[in-house]
>>> print(open('run36.pdb').read())   # PDB, C-alpha atoms and all ligand atoms
ATOM      1  CA  MET X   1      70.208 212.172 142.241
ATOM      2  CA  THR X   2      73.438 213.928 141.351
ATOM      3  CA  GLU X   3      76.474 211.919 140.421
ATOM      4  CA  LEU X   4      79.500 212.717 142.568
ATOM      5  CA  VAL X   5      82.036 210.354 141.070
ATOM      6  CA  ARG X   6      82.117 208.122 138.044
ATOM      7  CA  MET X   7      84.910 205.647 137.467
ATOM      8  CA  GLU X   8      84.394 204.610 133.880
ATOM      9  CA  ASN X   9      85.715 201.447 132.236
ATOM     10  CA  ILE X  10      88.552 201.169 134.700
ATOM     11  CA  SER X  11      91.101 198.423 134.200
ATOM     12  CA  LYS X  12      94.260 197.694 136.137
ATOM     13  CA  SER X  13      96.746 194.935 135.584
ATOM     14  CA  PHE X  14      99.803 193.943 137.536
ATOM     15  CA  GLY X  15     101.892 192.103 134.979
ATOM     16  CA  LYS X  16      99.721 189.189 133.913
ATOM     17  CA  VAL X  17      97.206 189.669 136.718
ATOM     18  CA  GLN X  18      94.110 191.572 135.596
ATOM     19  CA  ALA X  19      93.076 192.871 139.009
ATOM     20  CA  VAL X  20      90.276 195.136 137.699
ATOM     21  CA  GLN X  21      88.629 194.677 134.312
ATOM     22  CA  ASN X  22      86.532 197.351 132.677
ATOM     23  CA  VAL X  23      84.661 198.347 135.844
ATOM     24  CA  THR X  24      82.309 201.320 135.919
ATOM     25  CA  LEU X  25      81.479 202.495 139.432
ATOM     26  CA  THR X  26      79.382 205.520 140.257
ATOM     27  CA  VAL X  27      78.668 207.147 143.600
ATOM     28  CA  ASN X  28      75.947 209.747 143.917
ATOM     29  CA  GLU X  29      75.934 212.690 146.270
ATOM     30  CA  ASN X  30      74.800 211.713 149.741
ATOM     31  CA  GLU X  31      75.038 208.014 148.995
ATOM     32  CA  ILE X  32      76.794 205.113 150.687
ATOM     33  CA  VAL X  33      77.900 202.457 148.232
ATOM     34  CA  GLY X  34      79.041 199.085 149.543
ATOM     35  CA  LEU X  35      81.769 197.428 147.497
ATOM     36  CA  LEU X  36      81.648 193.672 147.948
ATOM     37  CA  GLY X  37      83.591 190.698 146.690
ATOM     38  CA  ASP X  38      85.739 187.808 147.777
ATOM     39  CA  ASN X  39      89.399 188.182 148.657
ATOM     40  CA  GLY X  40      91.287 189.166 145.537
ATOM     41  CA  ALA X  41      88.160 190.374 143.709
ATOM     42  CA  GLY X  42      89.799 193.750 143.051
ATOM     43  CA  LYS X  43      88.050 195.954 145.628
ATOM     44  CA  SER X  44      91.169 197.526 147.112
ATOM     45  CA  THR X  45      92.774 197.965 143.713
ATOM     46  CA  LEU X  46      89.705 199.809 142.422
ATOM     47  CA  ILE X  47      89.494 202.220 145.336
ATOM     48  CA  LYS X  48      93.259 202.784 145.365
ATOM     49  CA  ILE X  49      92.874 204.110 141.831
ATOM     50  CA  LEU X  50      90.296 206.578 143.129
ATOM     51  CA  SER X  51      92.409 207.565 146.126
ATOM     52  CA  GLY X  52      95.510 208.075 144.006
ATOM     53  CA  ALA X  53      97.549 205.232 145.508
ATOM     54  CA  LEU X  54      97.542 203.454 142.123
ATOM     55  CA  THR X  55      96.990 204.642 138.567
ATOM     56  CA  ALA X  56      94.680 202.767 136.237
ATOM     57  CA  THR X  57      95.973 200.960 133.183
ATOM     58  CA  SER X  58      92.974 202.385 131.316
ATOM     59  CA  GLY X  59      89.700 204.163 131.999
ATOM     60  CA  GLN X  60      88.597 207.609 133.085
ATOM     61  CA  ILE X  61      87.507 209.132 136.367
ATOM     62  CA  TYR X  62      84.948 211.956 136.537
ATOM     63  CA  PHE X  63      84.420 213.978 139.694
ATOM     64  CA  LYS X  64      81.392 216.262 139.863
ATOM     65  CA  GLY X  65      80.991 215.803 136.141
ATOM     66  CA  GLN X  66      84.510 216.898 135.280
ATOM     67  CA  PRO X  67      87.279 214.580 134.049
ATOM     68  CA  ALA X  68      89.679 214.160 136.969
ATOM     69  CA  ARG X  69      93.377 213.395 136.875
ATOM     70  CA  ILE X  70      94.227 211.578 140.072
ATOM     71  CA  GLN X  71      97.900 210.696 139.992
ATOM     72  CA  ASN X  72      98.729 210.684 143.673
ATOM     73  CA  THR X  73      96.959 210.795 147.015
ATOM     74  CA  TRP X  74      97.203 214.588 147.218
ATOM     75  CA  ASP X  75      95.285 214.961 143.951
ATOM     76  CA  ALA X  76      92.505 212.902 145.523
ATOM     77  CA  ILE X  77      92.559 214.828 148.799
ATOM     78  CA  ASP X  78      92.447 218.135 146.891
ATOM     79  CA  LEU X  79      89.277 216.943 145.160
ATOM     80  CA  GLY X  80      87.744 216.024 148.525
ATOM     81  CA  ILE X  81      88.354 212.274 148.524
ATOM     82  CA  GLU X  82      89.576 210.875 151.843
ATOM     83  CA  THR X  83      90.520 207.227 152.262
ATOM     84  CA  ILE X  84      90.550 205.278 155.486
ATOM     85  CA  TYR X  85      92.425 202.016 155.134
ATOM     86  CA  GLN X  86      92.203 199.001 157.358
ATOM     87  CA  ASP X  87      95.189 200.110 159.327
ATOM     88  CA  SER X  88      94.446 203.722 158.682
ATOM     89  CA  ALA X  89      97.260 205.958 157.613
ATOM     90  CA  LEU X  90      97.912 207.284 161.082
ATOM     91  CA  VAL X  91     101.390 207.777 162.476
ATOM     92  CA  PRO X  92     101.349 205.791 165.733
ATOM     93  CA  GLN X  93     104.105 207.768 167.439
ATOM     94  CA  LEU X  94     102.427 211.130 166.896
ATOM     95  CA  SER X  95      99.601 212.601 168.936
ATOM     96  CA  ILE X  96      95.923 212.585 168.008
ATOM     97  CA  THR X  97      96.170 216.283 167.168
ATOM     98  CA  ARG X  98      99.176 215.893 164.898
ATOM     99  CA  ASN X  99      97.531 212.986 163.114
ATOM    100  CA  LEU X 100      94.342 214.941 162.530
ATOM    101  CA  PHE X 101      96.227 217.669 160.713
ATOM    102  CA  LEU X 102      99.018 215.622 159.174
ATOM    103  CA  GLY X 103     100.216 217.336 156.004
ATOM    104  CA  ARG X 104      97.594 220.085 156.325
ATOM    105  CA  GLU X 105      98.676 221.826 159.505
ATOM    106  CA  PRO X 106      97.358 225.334 160.049
ATOM    107  CA  VAL X 107     100.175 227.836 160.452
ATOM    108  CA  SER X 108     100.255 230.709 162.896
ATOM    109  CA  LYS X 109      98.955 234.073 161.712
ATOM    110  CA  ASN X 110     101.332 235.770 164.150
ATOM    111  CA  SER X 111     103.657 237.829 161.971
ATOM    112  CA  LEU X 112     106.471 237.516 164.511
ATOM    113  CA  LEU X 113     106.356 233.744 164.171
ATOM    114  CA  PRO X 114     105.454 233.132 160.534
ATOM    115  CA  ASN X 115     104.914 229.550 159.393
ATOM    116  CA  ARG X 116     104.960 228.154 162.902
ATOM    117  CA  LEU X 117     102.379 225.450 163.560
ATOM    118  CA  ASP X 118      99.277 226.890 165.171
ATOM    119  CA  LYS X 119      99.233 224.411 168.068
ATOM    120  CA  ARG X 120      96.475 226.125 170.043
ATOM    121  CA  ARG X 121      94.117 226.041 167.102
ATOM    122  CA  MET X 122      94.968 222.443 166.288
ATOM    123  CA  GLU X 123      94.304 221.349 169.860
ATOM    124  CA  ASP X 124      91.025 223.245 170.091
ATOM    125  CA  GLU X 125      89.827 221.747 166.829
ATOM    126  CA  ALA X 126      91.002 218.291 167.908
ATOM    127  CA  ARG X 127      88.956 218.509 171.108
ATOM    128  CA  LYS X 128      85.854 219.514 169.177
ATOM    129  CA  LEU X 129      86.346 216.700 166.677
ATOM    130  CA  LEU X 130      86.867 214.064 169.360
ATOM    131  CA  LYS X 131      83.560 215.075 170.843
ATOM    132  CA  GLU X 132      81.855 214.900 167.455
ATOM    133  CA  VAL X 133      83.026 211.367 166.760
ATOM    134  CA  GLY X 134      82.040 210.290 170.236
ATOM    135  CA  ILE X 135      85.391 209.660 171.902
ATOM    136  CA  SER X 136      85.674 212.794 173.965
ATOM    137  CA  LYS X 137      85.697 210.915 177.251
ATOM    138  CA  ASN X 138      88.664 212.774 178.636
ATOM    139  CA  ILE X 139      91.099 211.738 175.960
ATOM    140  CA  ASP X 140      93.796 214.366 175.812
ATOM    141  CA  PRO X 141      94.408 215.286 172.161
ATOM    142  CA  ASN X 142      98.124 215.031 172.937
ATOM    143  CA  THR X 143      97.773 211.294 173.517
ATOM    144  CA  PRO X 144      99.865 209.297 171.044
ATOM    145  CA  ILE X 145      97.941 207.044 168.677
ATOM    146  CA  THR X 146      99.737 203.969 170.088
ATOM    147  CA  SER X 147      97.674 204.157 173.269
ATOM    148  CA  LEU X 148      94.308 204.123 171.447
ATOM    149  CA  SER X 149      92.140 201.107 170.645
ATOM    150  CA  GLY X 150      91.483 200.052 167.064
ATOM    151  CA  GLY X 151      88.064 201.671 167.067
ATOM    152  CA  GLU X 152      89.407 204.908 168.464
ATOM    153  CA  ARG X 153      92.018 204.972 165.737
ATOM    154  CA  GLN X 154      89.332 204.540 163.094
ATOM    155  CA  ALA X 155      87.438 207.355 164.766
ATOM    156  CA  ILE X 156      90.477 209.635 164.458
ATOM    157  CA  ALA X 157      90.797 208.829 160.765
ATOM    158  CA  ILE X 158      87.106 209.503 160.267
ATOM    159  CA  ALA X 159      87.315 212.724 162.278
ATOM    160  CA  ARG X 160      90.059 213.852 159.933
ATOM    161  CA  ALA X 161      87.847 213.202 156.922
ATOM    162  CA  MET X 162      85.008 215.076 158.622
ATOM    163  CA  PHE X 163      87.122 218.102 159.511
ATOM    164  CA  PHE X 164      88.336 218.554 155.985
ATOM    165  CA  GLU X 165      84.757 218.167 154.801
ATOM    166  CA  SER X 166      85.606 215.533 152.286
ATOM    167  CA  ASP X 167      82.869 214.916 149.740
ATOM    168  CA  LEU X 168      83.755 211.254 149.464
ATOM    169  CA  ILE X 169      85.039 209.055 152.262
ATOM    170  CA  ILE X 170      86.375 205.663 151.258
ATOM    171  CA  LEU X 171      86.567 203.003 153.962
ATOM    172  CA  ASP X 172      88.460 199.836 153.040
ATOM    173  CA  GLU X 173      87.523 197.160 155.563
ATOM    174  CA  PRO X 174      87.396 199.600 158.476
ATOM    175  CA  THR X 175      85.715 197.125 160.804
ATOM    176  CA  ASN X 176      88.285 194.323 160.527
ATOM    177  CA  ASN X 177      89.763 193.398 163.899
ATOM    178  CA  LEU X 178      87.374 195.677 165.752
ATOM    179  CA  GLY X 179      85.228 194.747 168.721
ATOM    180  CA  VAL X 180      81.438 194.895 168.645
ATOM    181  CA  GLU X 181      81.207 198.352 170.217
ATOM    182  CA  GLU X 182      83.922 199.769 168.003
ATOM    183  CA  THR X 183      82.309 198.298 164.914
ATOM    184  CA  GLN X 184      78.978 199.891 165.787
ATOM    185  CA  GLY X 185      80.916 203.137 166.235
ATOM    186  CA  VAL X 186      82.351 202.930 162.725
ATOM    187  CA  LEU X 187      78.922 202.126 161.250
ATOM    188  CA  ARG X 188      77.484 205.104 163.112
ATOM    189  CA  PHE X 189      80.187 207.384 161.734
ATOM    190  CA  VAL X 190      79.397 206.281 158.205
ATOM    191  CA  LYS X 191      75.716 207.126 158.700
ATOM    192  CA  ASN X 192      76.711 210.449 160.293
ATOM    193  CA  ALA X 193      78.888 211.294 157.335
ATOM    194  CA  ARG X 194      75.921 210.775 155.028
ATOM    195  CA  ASP X 195      73.698 212.877 157.302
ATOM    196  CA  LYS X 196      76.250 215.650 156.897
ATOM    197  CA  GLY X 197      75.999 215.413 153.129
ATOM    198  CA  ALA X 198      79.050 213.304 152.348
ATOM    199  CA  SER X 199      79.167 210.123 150.266
ATOM    200  CA  CYS X 200      80.996 206.907 151.137
ATOM    201  CA  ILE X 201      82.391 203.823 149.530
ATOM    202  CA  PHE X 202      82.290 201.143 152.195
ATOM    203  CA  ILE X 203      84.218 197.882 151.810
ATOM    204  CA  ALA X 204      83.562 195.237 154.445
ATOM    205  CA  HIS X 205      83.708 191.482 154.675
ATOM    206  CA  ASN X 206      80.740 191.267 156.968
ATOM    207  CA  ILE X 207      77.655 191.487 154.771
ATOM    208  CA  TYR X 208      75.472 192.127 157.830
ATOM    209  CA  HIS X 209      77.418 195.346 158.435
ATOM    210  CA  VAL X 210      77.079 196.322 154.813
ATOM    211  CA  PHE X 211      73.332 195.771 154.826
ATOM    212  CA  GLN X 212      73.029 198.004 157.904
ATOM    213  CA  VAL X 213      74.483 201.110 156.302
ATOM    214  CA  VAL X 214      74.614 201.123 152.522
ATOM    215  CA  ASP X 215      72.186 202.577 149.978
ATOM    216  CA  ARG X 216      73.548 200.439 147.150
ATOM    217  CA  MET X 217      75.894 197.497 146.676
ATOM    218  CA  VAL X 218      78.329 196.822 143.870
ATOM    219  CA  ILE X 219      79.745 193.310 143.678
ATOM    220  CA  LEU X 220      83.060 192.471 142.050
ATOM    221  CA  ARG X 221      84.083 188.972 141.075
ATOM    222  CA  ARG X 222      87.553 188.242 139.706
ATOM    223  CA  GLY X 223      88.070 191.868 138.753
ATOM    224  CA  LYS X 224      84.718 192.328 137.035
ATOM    225  CA  LYS X 225      81.589 194.083 138.190
ATOM    226  CA  VAL X 226      78.813 191.516 138.311
ATOM    227  CA  CYS X 227      76.015 193.209 140.233
ATOM    228  CA  ASP X 228      74.681 196.628 141.256
ATOM    229  CA  VAL X 229      71.693 196.417 143.586
ATOM    230  CA  ARG X 230      69.971 198.004 146.592
ATOM    231  CA  PRO X 231      69.698 196.146 149.916
ATOM    232  CA  SER X 232      65.917 196.605 149.833
ATOM    233  CA  GLU X 233      65.756 194.654 146.578
ATOM    234  CA  THR X 234      67.642 191.589 147.789
ATOM    235  CA  ASN X 235      68.831 189.680 150.858
ATOM    236  CA  ILE X 236      72.070 188.497 152.407
ATOM    237  CA  GLU X 237      71.805 184.931 151.051
ATOM    238  CA  GLU X 238      71.399 186.131 147.473
ATOM    239  CA  VAL X 239      74.288 188.554 147.773
ATOM    240  CA  GLU X 240      76.534 185.823 149.156
ATOM    241  CA  LYS X 241      75.666 183.631 146.181
ATOM    242  CA  VAL X 242      76.645 186.364 143.749
ATOM    243  CA  ILE X 243      79.907 187.019 145.597
ATOM    244  CA  THR X 244      80.908 183.361 145.395
ATOM    245  CA  GLY X 245      79.608 182.888 141.843
ATOM    246  CA  ILE X 246      76.832 180.412 142.637
ATOM    247  CA  LEU X 247      74.610 183.065 141.062
ATOM    248  CA  GLU X 248      75.979 184.934 138.051
ATOM    249  CA  THR X 249      74.151 188.144 138.997
ATOM    250  CA  LEU X 250      70.705 189.168 140.297
ATOM    251  CA  PRO X 251      67.678 189.838 138.109
ATOM    252  CA  GLN X 252      67.152 193.075 140.001
ATOM    253  CA  SER X 253      70.688 194.315 139.285
ATOM    254  CA  ALA X 254      70.947 197.734 137.646
ATOM    255  CA  PRO X 255      72.645 197.743 134.213
ATOM    256  CA  LEU X 256      76.353 196.979 134.673
TER     257      LEU X 256
HETATM  258  N1  LIG C 301     100.623 195.506 143.990
HETATM  259  C1  LIG C 301     100.185 194.377 143.441
HETATM  260  N2  LIG C 301     100.994 193.640 142.650
HETATM  261  C2  LIG C 301     100.569 192.502 142.069
HETATM  262  N3  LIG C 301      99.316 192.015 142.209
HETATM  263  C3  LIG C 301      98.469 192.696 142.985
HETATM  264  C4  LIG C 301      98.851 193.907 143.645
HETATM  265  N4  LIG C 301      97.780 194.373 144.348
HETATM  266  C5  LIG C 301      96.790 193.484 144.135
HETATM  267  N5  LIG C 301      97.188 192.489 143.326
HETATM  268  C6  LIG C 301      96.363 191.371 142.851
HETATM  269  O1  LIG C 301      95.188 191.908 142.298
HETATM  270  C7  LIG C 301      94.054 191.131 142.632
HETATM  271  C8  LIG C 301      93.037 191.983 143.370
HETATM  272  O2  LIG C 301      93.550 192.324 144.651
HETATM  273  P1  LIG C 301      92.801 193.323 145.633
HETATM  274  O3  LIG C 301      92.393 194.524 144.872
HETATM  275  O4  LIG C 301      93.686 193.538 146.806
HETATM  276  O5  LIG C 301      91.538 192.476 146.052
HETATM  277  P2  LIG C 301      90.496 192.662 147.272
HETATM  278  O6  LIG C 301      90.762 193.984 147.903
HETATM  279  O7  LIG C 301      89.154 192.549 146.639
HETATM  280  O8  LIG C 301      90.773 191.520 148.201
HETATM  281  C9  LIG C 301      94.579 189.966 143.444
HETATM  282  O9  LIG C 301      94.796 188.874 142.568
HETATM  283  C10 LIG C 301      95.886 190.480 143.975
HETATM  284  O10 LIG C 301      96.786 189.433 144.220
HETATM  285 MG    MG C 302      91.240 194.542 149.887
END
>>> encode(input="run36.pdb", output="structure tokens", more="lines below")
Ligand SMILES: Nc1ncnc2c1ncn2[C@@H]1O[C@H](COP(=O)(O)OP(=O)(O)O)[C@@H](O)[C@H]1O
Ligand SMILES: [Mg+2]
Amino acid sequence: MTELVRMENISKSFGKVQAVQNVTLTVNENEIVGLLGDNGAGKSTLIKILSGALTATSGQIYFKGQPARIQNTWDAIDLGIETIYQDSALVPQLSITRNLFLGREPVSKNSLLPNRLDKRRMEDEARKLLKEVGISKNIDPNTPITSLSGGERQAIAIARAMFFESDLIILDEPTNNLGVEETQGVLRFVKNARDKGASCIFIAHNIYHVFQVVDRMVILRRGKKVCDVRPSETNIEEVEKVITGILETLPQSAPL
């Protein structure tokens, strides 16, 4: 097992609110880690520190064994960390193609038209990607995001992460507000990403979804890490008890 990322002793406060307190979170290569906890437990804050949307008050991040300085989202993307938020960072007015390449558009090699967007290449790639994530059914890559369903939008965001071959894909409640089919789609994408060698941090309210896909679960309670356990070592009832604090932790939890 090779460690891909290590967030070590991470703390983050907003004024008097200690959102994350001394949390150490590791993700191995080819591993899906579920991050669980009640509303306000600090899940989003923790992953925003990894995706560069927030900077930690203290602590250190290591990526592939090297200390990493992640001060903005581009630093994270450069390292190979892609984040898919609940309402993913897509621009609704723009087409599928433009969204897939947002900020990383290939430019034309044609010397007569230097630095022009390579639209042909973008569209060809977009078509391939749509097929890969299972929404090829005659969707024109020029379709604006506004006319897609929630699940299709998630698929676009995931396709983007896949195209850029991110090593770590972070999904913060990607299945909220999705229908059954769409949710299964997202869960399938997560498994696919792992099959392709990527790692994921998966945040979801629905513990049944988490149990279906993750290799390991980390539970936060009021900003602190309280449990680190594999689904095969526990069950949904126990995990719920730890989330709510009825149980402090689980005997089978790995060292915190
Ligand atoms: N930008 C912010 N400013 C002030 N407090 C915040 C901010 N973001 C989050 N918090 C607080 O930090 C705590 C953890 O929030 P969050 O990380 O969003 O939790 P979760 O994602 O687990 O629901 C909460 O008490 C929340 O109110
Ligand atoms: Mg959150």
>>> axis_aligned_box(input="run36.pdb", around="range 24-40 of chain X", padding_each_side="4 Å", output="lines of an AutoDock Vina configuration file")
center_x = 83.0
center_y = 200.2
center_z = 143.3
size_x = 24.5
size_y = 32.9
size_z = 22.8
>>> residues_near_ligand(input="run36.pdb", ligand="ligand MG 302 (chain C)", cutoff="10 Å", atoms="all atoms listed in the file", output="VMD selection string")
chain X and resid 36 to 48 85 to 86 172 to 173 203 to 205
>>> resolve_selection(input="run36.pdb", expression="the PyMOL selection byres (((chain X and resi 240) around 12) and not hetatm)", output="PDB file with C-alpha atoms, in the frame of the given file")
ATOM      1  CA  LEU X  36      81.648 193.672 147.948  1.00  0.00           C
ATOM      2  CA  GLY X  37      83.591 190.698 146.690  1.00  0.00           C
ATOM      3  CA  ASP X  38      85.739 187.808 147.777  1.00  0.00           C
ATOM      4  CA  HIS X 205      83.708 191.482 154.675  1.00  0.00           C
ATOM      5  CA  ASN X 206      80.740 191.267 156.968  1.00  0.00           C
ATOM      6  CA  ILE X 207      77.655 191.487 154.771  1.00  0.00           C
ATOM      7  CA  TYR X 208      75.472 192.127 157.830  1.00  0.00           C
ATOM      8  CA  VAL X 210      77.079 196.322 154.813  1.00  0.00           C
ATOM      9  CA  PHE X 211      73.332 195.771 154.826  1.00  0.00           C
ATOM     10  CA  MET X 217      75.894 197.497 146.676  1.00  0.00           C
ATOM     11  CA  ILE X 219      79.745 193.310 143.678  1.00  0.00           C
ATOM     12  CA  LEU X 220      83.060 192.471 142.050  1.00  0.00           C
ATOM     13  CA  ARG X 221      84.083 188.972 141.075  1.00  0.00           C
ATOM     14  CA  CYS X 227      76.015 193.209 140.233  1.00  0.00           C
ATOM     15  CA  THR X 234      67.642 191.589 147.789  1.00  0.00           C
ATOM     16  CA  ASN X 235      68.831 189.680 150.858  1.00  0.00           C
ATOM     17  CA  ILE X 236      72.070 188.497 152.407  1.00  0.00           C
ATOM     18  CA  GLU X 237      71.805 184.931 151.051  1.00  0.00           C
ATOM     19  CA  GLU X 238      71.399 186.131 147.473  1.00  0.00           C
ATOM     20  CA  VAL X 239      74.288 188.554 147.773  1.00  0.00           C
ATOM     21  CA  LYS X 241      75.666 183.631 146.181  1.00  0.00           C
ATOM     22  CA  VAL X 242      76.645 186.364 143.749  1.00  0.00           C
ATOM     23  CA  ILE X 243      79.907 187.019 145.597  1.00  0.00           C
ATOM     24  CA  THR X 244      80.908 183.361 145.395  1.00  0.00           C
ATOM     25  CA  GLY X 245      79.608 182.888 141.843  1.00  0.00           C
ATOM     26  CA  ILE X 246      76.832 180.412 142.637  1.00  0.00           C
ATOM     27  CA  LEU X 247      74.610 183.065 141.062  1.00  0.00           C
ATOM     28  CA  GLU X 248      75.979 184.934 138.051  1.00  0.00           C
ATOM     29  CA  THR X 249      74.151 188.144 138.997  1.00  0.00           C
ATOM     30  CA  LEU X 250      70.705 189.168 140.297  1.00  0.00           C
TER      31      LEU X 250
END
>>> closest_residue(input="run36.pdb", among="X:Leu178, X:Gly197, X:Thr143, X:Thr26", to="Ser166 in chain X", atoms="all atoms listed in the file")
X:Gly197
>>> closest_residue(input="run36.pdb", among="X:Ser108, X:Gln18, X:Thr2, X:Ser13", to="Gly65 in chain X", atoms="all atoms listed in the file")
X:Thr2
>>> closest_residue(input="run36.pdb", among="X:Thr73, X:Thr97, X:Asn138, X:Ser149", to="Thr183 in chain X", atoms="all atoms listed in the file")
X:Ser149
>>> residues_near_point(input="run36.pdb", point="(77.4, 208.6, 149.3)", cutoff="9 Å", atoms="all atoms listed in the file", output="MDAnalysis selection string")
chainID X and resid 4 27:33 167:169 193:194 197:201 214:215
>>> write_last_selection(input="run36.pdb", atoms="C-alpha atoms", output="mmCIF file, in the frame of the given file")
data_model
loop_
_atom_site.group_PDB
_atom_site.id
_atom_site.type_symbol
_atom_site.label_atom_id
_atom_site.label_comp_id
_atom_site.auth_asym_id
_atom_site.auth_seq_id
_atom_site.Cartn_x
_atom_site.Cartn_y
_atom_site.Cartn_z
ATOM 1 C CA LEU X 4 79.500 212.717 142.568
ATOM 2 C CA VAL X 27 78.668 207.147 143.600
ATOM 3 C CA ASN X 28 75.947 209.747 143.917
ATOM 4 C CA GLU X 29 75.934 212.690 146.270
ATOM 5 C CA ASN X 30 74.800 211.713 149.741
ATOM 6 C CA GLU X 31 75.038 208.014 148.995
ATOM 7 C CA ILE X 32 76.794 205.113 150.687
ATOM 8 C CA VAL X 33 77.900 202.457 148.232
ATOM 9 C CA ASP X 167 82.869 214.916 149.740
ATOM 10 C CA LEU X 168 83.755 211.254 149.464
ATOM 11 C CA ILE X 169 85.039 209.055 152.262
ATOM 12 C CA ALA X 193 78.888 211.294 157.335
ATOM 13 C CA ARG X 194 75.921 210.775 155.028
ATOM 14 C CA GLY X 197 75.999 215.413 153.129
ATOM 15 C CA ALA X 198 79.050 213.304 152.348
ATOM 16 C CA SER X 199 79.167 210.123 150.266
ATOM 17 C CA CYS X 200 80.996 206.907 151.137
ATOM 18 C CA ILE X 201 82.391 203.823 149.530
ATOM 19 C CA VAL X 214 74.614 201.123 152.522
ATOM 20 C CA ASP X 215 72.186 202.577 149.978
#
>>> residues_near_point(input="run36.pdb", point="(89.3, 200.1, 132.0)", cutoff="12 Å", atoms="only C-alpha atoms", output="ChimeraX atom specification")
/X:7-13,18-25,46,49,55-61,223-225
>>> atom_distance(input="run36.pdb", atom1="CA of Ser253 in chain X", atom2="CA of Leu187 in chain X")
24.7 Å
>>> resolve_selection(input="run36.pdb", expression="the PyMOL selection byres (((chain X and resi 133) around 12) and not hetatm)", output="PyMOL selection string")
chain X and resi 126-132+134-137+151-163+182+185-193
>>> write_last_selection(input="run36.pdb", atoms="C-alpha atoms", output="PDB file, in the frame of the given file")
ATOM      1  CA  ALA X 126      91.002 218.291 167.908  1.00  0.00           C
ATOM      2  CA  ARG X 127      88.956 218.509 171.108  1.00  0.00           C
ATOM      3  CA  LYS X 128      85.854 219.514 169.177  1.00  0.00           C
ATOM      4  CA  LEU X 129      86.346 216.700 166.677  1.00  0.00           C
ATOM      5  CA  LEU X 130      86.867 214.064 169.360  1.00  0.00           C
ATOM      6  CA  LYS X 131      83.560 215.075 170.843  1.00  0.00           C
ATOM      7  CA  GLU X 132      81.855 214.900 167.455  1.00  0.00           C
ATOM      8  CA  GLY X 134      82.040 210.290 170.236  1.00  0.00           C
ATOM      9  CA  ILE X 135      85.391 209.660 171.902  1.00  0.00           C
ATOM     10  CA  SER X 136      85.674 212.794 173.965  1.00  0.00           C
ATOM     11  CA  LYS X 137      85.697 210.915 177.251  1.00  0.00           C
ATOM     12  CA  GLY X 151      88.064 201.671 167.067  1.00  0.00           C
ATOM     13  CA  GLU X 152      89.407 204.908 168.464  1.00  0.00           C
ATOM     14  CA  ARG X 153      92.018 204.972 165.737  1.00  0.00           C
ATOM     15  CA  GLN X 154      89.332 204.540 163.094  1.00  0.00           C
ATOM     16  CA  ALA X 155      87.438 207.355 164.766  1.00  0.00           C
ATOM     17  CA  ILE X 156      90.477 209.635 164.458  1.00  0.00           C
ATOM     18  CA  ALA X 157      90.797 208.829 160.765  1.00  0.00           C
ATOM     19  CA  ILE X 158      87.106 209.503 160.267  1.00  0.00           C
ATOM     20  CA  ALA X 159      87.315 212.724 162.278  1.00  0.00           C
ATOM     21  CA  ARG X 160      90.059 213.852 159.933  1.00  0.00           C
ATOM     22  CA  ALA X 161      87.847 213.202 156.922  1.00  0.00           C
ATOM     23  CA  MET X 162      85.008 215.076 158.622  1.00  0.00           C
ATOM     24  CA  PHE X 163      87.122 218.102 159.511  1.00  0.00           C
ATOM     25  CA  GLU X 182      83.922 199.769 168.003  1.00  0.00           C
ATOM     26  CA  GLY X 185      80.916 203.137 166.235  1.00  0.00           C
ATOM     27  CA  VAL X 186      82.351 202.930 162.725  1.00  0.00           C
ATOM     28  CA  LEU X 187      78.922 202.126 161.250  1.00  0.00           C
ATOM     29  CA  ARG X 188      77.484 205.104 163.112  1.00  0.00           C
ATOM     30  CA  PHE X 189      80.187 207.384 161.734  1.00  0.00           C
ATOM     31  CA  VAL X 190      79.397 206.281 158.205  1.00  0.00           C
ATOM     32  CA  LYS X 191      75.716 207.126 158.700  1.00  0.00           C
ATOM     33  CA  ASN X 192      76.711 210.449 160.293  1.00  0.00           C
ATOM     34  CA  ALA X 193      78.888 211.294 157.335  1.00  0.00           C
TER      35      ALA X 193
END
>>> atom_distance(input="run36.pdb", atom1="CA of Ser232 in chain X", atom2="CA of Lys64 in chain X")
26.9 Å
>>> atom_distance(input="run36.pdb", atom1="atom P1 of ligand LIG 301 (chain C)", atom2="CA of Val17 in chain X")
10.6 Å
>>> closest_residue(input="run36.pdb", among="X:Trp74, X:Phe63, X:Phe202, X:Phe101", to="ligand LIG 301 (chain C)", atoms="all atoms listed in the file")
X:Phe202
>>> closest_residue(input="run36.pdb", among="X:Leu171, X:Ile145, X:Ala254, X:Val5", to="ligand LIG 301 (chain C)", atoms="all atoms listed in the file")
X:Leu171
>>> closest_residue(input="run36.pdb", among="X:Arg216, X:Lys16, X:Arg116, X:Arg6", to="ligand LIG 301 (chain C)", atoms="only C-alpha atoms and all ligand atoms")
X:Lys16
>>> resolve_selection(input="run36.pdb", expression="the PyMOL selection byres (((chain X and resi 119) around 10) and not hetatm)", output="list in words")
Thr97, Arg98, Glu105, Pro106, Val107, Ser108, Arg116, Leu117, Asp118, Arg120, Arg121, Met122, Glu123, Asp124 and Glu125 of chain X
>>> write_last_selection(input="run36.pdb", atoms="C-alpha atoms", output="mmCIF file, keeping the file's coordinate frame")
data_model
loop_
_atom_site.group_PDB
_atom_site.id
_atom_site.type_symbol
_atom_site.label_atom_id
_atom_site.label_comp_id
_atom_site.auth_asym_id
_atom_site.auth_seq_id
_atom_site.Cartn_x
_atom_site.Cartn_y
_atom_site.Cartn_z
ATOM 1 C CA THR X 97 96.170 216.283 167.168
ATOM 2 C CA ARG X 98 99.176 215.893 164.898
ATOM 3 C CA GLU X 105 98.676 221.826 159.505
ATOM 4 C CA PRO X 106 97.358 225.334 160.049
ATOM 5 C CA VAL X 107 100.175 227.836 160.452
ATOM 6 C CA SER X 108 100.255 230.709 162.896
ATOM 7 C CA ARG X 116 104.960 228.154 162.902
ATOM 8 C CA LEU X 117 102.379 225.450 163.560
ATOM 9 C CA ASP X 118 99.277 226.890 165.171
ATOM 10 C CA ARG X 120 96.475 226.125 170.043
ATOM 11 C CA ARG X 121 94.117 226.041 167.102
ATOM 12 C CA MET X 122 94.968 222.443 166.288
ATOM 13 C CA GLU X 123 94.304 221.349 169.860
ATOM 14 C CA ASP X 124 91.025 223.245 170.091
ATOM 15 C CA GLU X 125 89.827 221.747 166.829
#
